[in-house]
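A short write-up of the structure that comes next.
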There are 4 protein chains.
Amino acid sequence: MEPTTRDAACFEAGIKFGALYHQFAGTPVSPDSAASLERAIEESIENQPFCESVEVDILTEKLAEEIEHVPASEREGEPGSGSLAEGEEATSAGYTELTGRYLEVEIVIDHEGTEVVTRMEMEDGYPLMKIESVREN
Amino acid sequence: MEPTTRDAACFEAGIKFGALYHQFAGTPVSPDSAASLERAIEESIENQPFCESVEVDILTEKLAEEIEHVPASEREGEPGSGSLAEGEEATSAGYTELTGRYLEVEIVIDHEGTEVVTRMEMEDGYPLMKIESVREN
Amino acid sequence: MEPTTRDAACFEAGIKFGALYHQFAGTPVSPDSAASLERAIEESIENQPFCESVEVDILTEKLAEEIEHVPASEREGEPGSGSLAEGEEATSAGYTELTGRYLEVEIVIDHEGTEVVTRMEMEDGYPLMKIESVREN
Amino acid sequence: MEPTTRDAACFEAGIKFGALYHQFAGTPVSPDSAASLERAIEESIENQPFCESVEVDILTEKLAEEIEHVPASEREGEPGSGSLAEGEEATSAGYTELTGRYLEVEIVIDHEGTEVVTRMEMEDGYPLMKIESVREN
């Protein structure tokens with residue numbers, strides 16, 4: 001069956017989410033650098049076709065908390081460099097890698113009059129991407 | 001309006017395409033290393049939810065041709081390293097970065113019985129992602 | 001032979017360049033969104049250990065020129081979306097993907113008193129990464 | 001002070017590590033798909049200049065263990081898709097994202113006769129990149 005305009009609008013919304021996540025996941029981020037990264041992600045993805053708006057919220061409190069408290073043995077993220085002193089906590093690096101745990105995103109697509117609103121956020125401790133609403137004109 | 005299962009299936013298909021492209025674009029690739037990269041891309045994206053199959057074709061002839069013939073001044077891709085000799089062609093590096101120009105991809109999604117077939121390929125000299133068909137059961 | 005502090009400083013400088021390039025290459029970018037991306041790249045990489053400063057210049061004039069003028073058949077970059085009209089120029093998308101062609105970067109590393117200054121820029125039409133100077137204290 | 005050949009060799013080694021990590025971190029990976037990803041990473045980075053060999057080991061046992069046992073509230077990784085059933089464990093997805101926790105890498109650089117051997121592995125619960133040895137001929 002041929003895809004409809006509505007199908008295409010939902011497909012486009014998915015492309016933006018996959019692009020956003022896999023382009024920027026892994027970026028070194030700290031509470032201090034979060035604001036510039038939020039803005040760059042928004043403006044970069046807004047370049048893409050049919051993309052009405054992108055709103056990115058990096059959860060700086062959660063970021064700060066995990067940079068401080070996660071024991072080295074359970075930490076994810078950026079490999080360190082070779083000269084951590086004996087007993088020095090790698091957390092002292094003061095940053096981590098961007099992952100879905102620290103991200104809330106809303107993307108609005110308008111494709112030939114069909115508007116799709118999509119979100120990514122934590123749900124039951126897990127980051128989920130989903131369509132909030134579809135409006136056909 | 002609430003999203004339907006069909007909307008979600010198309011959204012999922014888009015996520016896979018955006019993920020595939022932005023995870024792997026930029027990877028150093030040559031005609032010799034193309035086969036292992038194709039396979040890794042396929043198996044990696046097939047891990048994702050609702051992903052029935054991924055088929056990746058890296059266009060090795062085009063790759064070979066452009067690595068040979070593109071003049072340095074028009075070449076895209078990987079920044080070189082500091083010691084190219086005077087007059088040495090950077091093309092001698094023998095590789096480039098993976099971009100949409102060298103890729104044909106087919107992804108099939110099955111989401112709660114709705115099957116979405118999607119493709120990316122060159123069209124009028126430009127790589128396009130699109131839905132081929134949607135089948136609801 | 002054991003690596004020296006100077007070796008480690010040069011190694012660290014390389015890590016930052018490889019990270020910067022492969023994290024951000026492929027990001028959708030336009031003349032309008034270049035400034036926020038420059039800043040995000042700088043602040044993100046400055047998070048990494050031993051990184052004194054990062055200065056990123058995205059060549060917006062070159063970007064603008066190539067977005068306008070490159071014929072579709074020779075264009076690199078972001079795959080488009082499914083609904084380009086017959087004969088519509090994909091360049092009308094108004095953006096491209098970030099690659100080394102559009103980037104000038106200076107990174108300064110300070111590792112236990114050894115300062116390494118490194119640059120990436122176009123040379124003979126090819127983007128090169130190199131060490132400018134090493135200063136041991 | 002002008003950089004030496006040895007400096008350049010260490011810089012090149014760092015570039016490869018940064019490139020490898022930031023190109024492939026975030027890739028969806030499972031115990032079953034790890035082998036093809038290992039091989040693609042090796043062959044891709046070996047394309048780069050001065051790169052003698054790359055050996056990548058993805059720690060599939062650790063991968064398997066964490067995919068099974070990590071509670072959703074502490075899990076890192078790939079954002080899920082919108083239709084996890086009530087109470088369904090996101091871990092049932094059976095994959096995660098590649099990060100330094102699951103990687104051991106050895107890269108050997110040969111730059112104008114200077115050989116640099118570098119490794120990344122977990123140390124005190126933290127992934128570290130370091131130079132193992134430098135040999136000048």
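Numbering starts fresh at 1 for the residues of each chain in the structure tokens, the chains themselves are lettered A, B, ... in the order given, and ligands are numbered from 1 as they appear.
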Requested in this report: Check the DSSP output for the backbone and give back, as a VMD selection string, the residues of chain A in strand (DSSP E or B).
Outcome: chain A and resid 28 to 29 51 to 58 80 to 81 96 to 97 103 to 111 114 to 123 126 to 135
Requested in this report: Could you give me, as number ranges by chain, the residues within 9 Å of Leu20 (chain B), counting only C-alpha atoms and dropping anything in the same chain fewer than 3 positions from it?
Outcome: A: 18-19, 22; B: 15-17, 23-25, 41-42, 44-45; D: 27
Keeping N, CA, C and O atoms for every residue in the selection just given, could you write it to a file as an mmCIF file, in the first residue's frame?
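What landed in part.cif:
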```cif
data_model
loop_
_atom_site.group_PDB
_atom_site.id
_atom_site.type_symbol
_atom_site.label_atom_id
_atom_site.label_comp_id
_atom_site.auth_asym_id
_atom_site.auth_seq_id
_atom_site.Cartn_x
_atom_site.Cartn_y
_atom_site.Cartn_z
ATOM 1 N N GLY A 18 16.084 9.939 15.510
ATOM 2 C CA GLY A 18 17.252 9.060 15.350
ATOM 3 C C GLY A 18 18.508 9.869 15.065
ATOM 4 O O GLY A 18 19.579 9.594 15.612
ATOM 5 N N ALA A 19 18.368 10.874 14.214
ATOM 6 C CA ALA A 19 19.506 11.732 13.867
ATOM 7 C C ALA A 19 20.018 12.471 15.093
ATOM 8 O O ALA A 19 21.214 12.463 15.402
ATOM 9 N N HIS A 22 21.719 9.943 17.693
ATOM 10 C CA HIS A 22 22.984 9.304 17.312
ATOM 11 C C HIS A 22 24.044 10.299 16.854
ATOM 12 O O HIS A 22 25.222 9.957 16.787
ATOM 13 N N ILE B 15 13.117 6.481 12.889
ATOM 14 C CA ILE B 15 14.156 6.447 13.935
ATOM 15 C C ILE B 15 15.338 5.606 13.468
ATOM 16 O O ILE B 15 16.495 6.007 13.598
ATOM 17 N N LYS B 16 15.045 4.445 12.899
ATOM 18 C CA LYS B 16 16.133 3.554 12.471
ATOM 19 C C LYS B 16 16.990 4.223 11.397
ATOM 20 O O LYS B 16 18.216 4.077 11.379
ATOM 21 N N PHE B 17 16.352 4.920 10.460
ATOM 22 C CA PHE B 17 17.117 5.576 9.393
ATOM 23 C C PHE B 17 17.995 6.705 9.927
ATOM 24 O O PHE B 17 19.160 6.843 9.560
ATOM 25 N N GLN B 23 24.840 7.576 13.072
ATOM 26 C CA GLN B 23 25.835 6.784 13.779
ATOM 27 C C GLN B 23 27.037 6.495 12.878
ATOM 28 O O GLN B 23 28.181 6.563 13.323
ATOM 29 N N PHE B 24 26.780 6.189 11.625
ATOM 30 C CA PHE B 24 27.860 5.661 10.794
ATOM 31 C C PHE B 24 28.417 6.635 9.760
ATOM 32 O O PHE B 24 29.505 6.398 9.224
ATOM 33 N N ALA B 25 27.707 7.704 9.432
ATOM 34 C CA ALA B 25 28.284 8.691 8.526
ATOM 35 C C ALA B 25 29.563 9.223 9.154
ATOM 36 O O ALA B 25 29.624 9.451 10.355
ATOM 37 N N ILE B 41 26.825 -2.494 10.266
ATOM 38 C CA ILE B 41 25.682 -1.581 10.278
ATOM 39 C C ILE B 41 24.379 -2.381 10.341
ATOM 40 O O ILE B 41 23.484 -2.101 11.142
ATOM 41 N N GLU B 42 24.293 -3.403 9.492
ATOM 42 C CA GLU B 42 23.077 -4.219 9.472
ATOM 43 C C GLU B 42 22.792 -4.844 10.838
ATOM 44 O O GLU B 42 21.690 -4.713 11.386
ATOM 45 N N SER B 44 23.961 -4.118 13.732
ATOM 46 C CA SER B 44 23.777 -3.154 14.824
ATOM 47 C C SER B 44 22.360 -2.594 14.829
ATOM 48 O O SER B 44 21.691 -2.556 15.875
ATOM 49 N N ILE B 45 21.869 -2.174 13.680
ATOM 50 C CA ILE B 45 20.527 -1.572 13.641
ATOM 51 C C ILE B 45 19.442 -2.633 13.843
ATOM 52 O O ILE B 45 18.386 -2.356 14.413
ATOM 53 N N THR D 27 26.817 3.059 19.315
ATOM 54 C CA THR D 27 26.306 2.054 18.386
ATOM 55 C C THR D 27 25.516 0.978 19.142
ATOM 56 O O THR D 27 26.004 0.444 20.130
#
```
Query raised in the report: Can you tell me, as number ranges by chain, what residues are no more than 6 Å from region 110-120 of chain D when counting only C-alpha atoms, ignoring any on the same chain fewer than 3 positions away?
Result: D: 9, 50, 104-107, 128-137
Report task. Rank nothing, just name the residue among D:Asp32, D:Glu123, D:Thr99, D:Ala8 nearest to chain A, using only C-alpha atoms. Result ->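 Distance minimum relative to chain A lands on D:Thr99.
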Report task. Check every residue of chain D for an atom within 6 Å of chain B, counting only C-alpha atoms, and provide those that qualify as a list of chain:residue names. Result ->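 That gives the following set of residues: D:Pro28, D:Val29, D:Ser33, D:Ser36, D:Leu37, D:Ala40, D:Glu43, D:Ser44.
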Could you take the residues named above and write them with N, CA, C and O atoms, as a JSON list (two decimals), in the first residue's frame?
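Saved the output as selection-v3.json:
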```json
[["chain", "number", "residue", "atom", "x", "y", "z"],
["D", 28, "PRO", "N", 24.31, 0.66, 18.68],
["D", 28, "PRO", "CA", 23.57, -0.44, 19.31],
["D", 28, "PRO", "C", 24.36, -1.74, 19.19],
["D", 28, "PRO", "O", 24.83, -2.08, 18.10],
["D", 29, "VAL", "N", 24.51, -2.44, 20.30],
["D", 29, "VAL", "CA", 25.33, -3.65, 20.28],
["D", 29, "VAL", "C", 24.76, -4.69, 21.24],
["D", 29, "VAL", "O", 24.21, -4.35, 22.28],
["D", 33, "SER", "N", 25.86, -9.32, 18.02],
["D", 33, "SER", "CA", 26.35, -8.43, 16.95],
["D", 33, "SER", "C", 27.74, -7.89, 17.25],
["D", 33, "SER", "O", 28.30, -7.13, 16.45],
["D", 36, "SER", "N", 30.78, -8.63, 14.52],
["D", 36, "SER", "CA", 30.83, -7.87, 13.27],
["D", 36, "SER", "C", 31.23, -6.41, 13.54],
["D", 36, "SER", "O", 31.91, -5.78, 12.72],
["D", 37, "LEU", "N", 30.85, -5.91, 14.70],
["D", 37, "LEU", "CA", 31.22, -4.53, 15.03],
["D", 37, "LEU", "C", 32.72, -4.42, 15.33],
["D", 37, "LEU", "O", 33.39, -3.49, 14.86],
["D", 40, "ALA", "N", 34.46, -4.37, 11.97],
["D", 40, "ALA", "CA", 34.25, -3.13, 11.22],
["D", 40, "ALA", "C", 35.06, -1.98, 11.82],
["D", 40, "ALA", "O", 35.63, -1.16, 11.09],
["D", 43, "GLU", "N", 38.82, -2.55, 10.81],
["D", 43, "GLU", "CA", 39.13, -2.28, 9.40],
["D", 43, "GLU", "C", 38.93, -0.82, 9.05],
["D", 43, "GLU", "O", 39.62, -0.29, 8.18],
["D", 44, "SER", "N", 37.97, -0.19, 9.71],
["D", 44, "SER", "CA", 37.73, 1.22, 9.41],
["D", 44, "SER", "C", 38.88, 2.11, 9.89],
["D", 44, "SER", "O", 39.38, 2.96, 9.14]]
```
**Report entry** Between CA of Tyr102 (chain A) and CA of Cys10 (chain A), distance in Å (one decimal)
**Finding:**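 Separating CA of Tyr102 (chain A) from CA of Cys10 (chain A) is a distance of 24.5 Å.
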Query raised in the report: Among chain B, which residues carry a DSSP assignment of helix (DSSP H, G or I), reported as a PyMOL selection string?
Result: chain B and resi 5-24+34-46+60-69+72-74+90-93+100-102
Those same residues, written as a tab-separated table (two decimals), in the first residue's frame with C-alpha atoms?
```tsv
chain	number	residue	atom	x	y	z
B	5	THR	CA	-0.25	1.78	15.36
B	6	ARG	CA	0.45	2.67	11.76
B	7	ASP	CA	1.78	6.10	12.78
B	8	ALA	CA	4.03	4.46	15.34
B	9	ALA	CA	5.33	1.96	12.78
B	10	CYS	CA	6.29	4.78	10.39
B	11	PHE	CA	7.86	6.74	13.27
B	12	GLU	CA	9.92	3.68	14.23
B	13	ALA	CA	11.11	3.28	10.65
B	14	GLY	CA	12.29	6.88	10.65
B	15	ILE	CA	14.16	6.45	13.93
B	16	LYS	CA	16.13	3.55	12.47
B	17	PHE	CA	17.12	5.58	9.39
B	18	GLY	CA	18.19	8.62	11.37
B	19	ALA	CA	20.12	6.41	13.77
B	20	LEU	CA	21.83	4.45	11.02
B	21	TYR	CA	22.85	7.52	9.11
B	22	HIS	CA	24.12	9.64	11.98
B	23	GLN	CA	25.84	6.78	13.78
B	24	PHE	CA	27.86	5.66	10.79
B	34	ALA	CA	33.27	-1.78	2.95
B	35	ALA	CA	32.06	-5.36	3.45
B	36	SER	CA	32.76	-5.49	7.17
B	37	LEU	CA	31.14	-2.10	7.65
B	38	GLU	CA	28.01	-3.14	5.76
B	39	ARG	CA	27.61	-6.15	7.98
B	40	ALA	CA	28.24	-4.24	11.22
B	41	ILE	CA	25.68	-1.58	10.28
B	42	GLU	CA	23.08	-4.22	9.47
B	43	GLU	CA	23.58	-6.23	12.65
B	44	SER	CA	23.78	-3.15	14.82
B	45	ILE	CA	20.53	-1.57	13.64
B	46	GLU	CA	18.74	-4.93	13.64
B	60	THR	CA	32.34	0.24	-3.64
B	61	GLU	CA	32.77	1.08	-7.30
B	62	LYS	CA	31.71	4.64	-6.73
B	63	LEU	CA	33.90	4.74	-3.65
B	64	ALA	CA	36.90	3.48	-5.62
B	65	GLU	CA	36.28	5.90	-8.43
B	66	GLU	CA	36.02	8.94	-6.20
B	67	ILE	CA	38.99	8.01	-4.05
B	68	GLU	CA	41.02	7.89	-7.26
B	69	HIS	CA	39.72	10.83	-9.19
B	72	ALA	CA	41.96	17.49	-3.54
B	73	SER	CA	40.30	20.87	-3.78
B	74	GLU	CA	36.87	19.32	-4.13
B	90	ALA	CA	45.73	13.20	-0.29
B	91	THR	CA	43.77	10.70	-2.33
B	92	SER	CA	46.73	8.43	-1.92
B	93	ALA	CA	45.30	7.83	1.53
B	100	GLY	CA	24.86	9.07	1.82
B	101	ARG	CA	26.45	9.16	-1.64
B	102	TYR	CA	27.90	5.72	-1.11
```
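The coordinates place CA of Pro127 (chain D) at 18.3 Å from CA of Cys51 (chain C).
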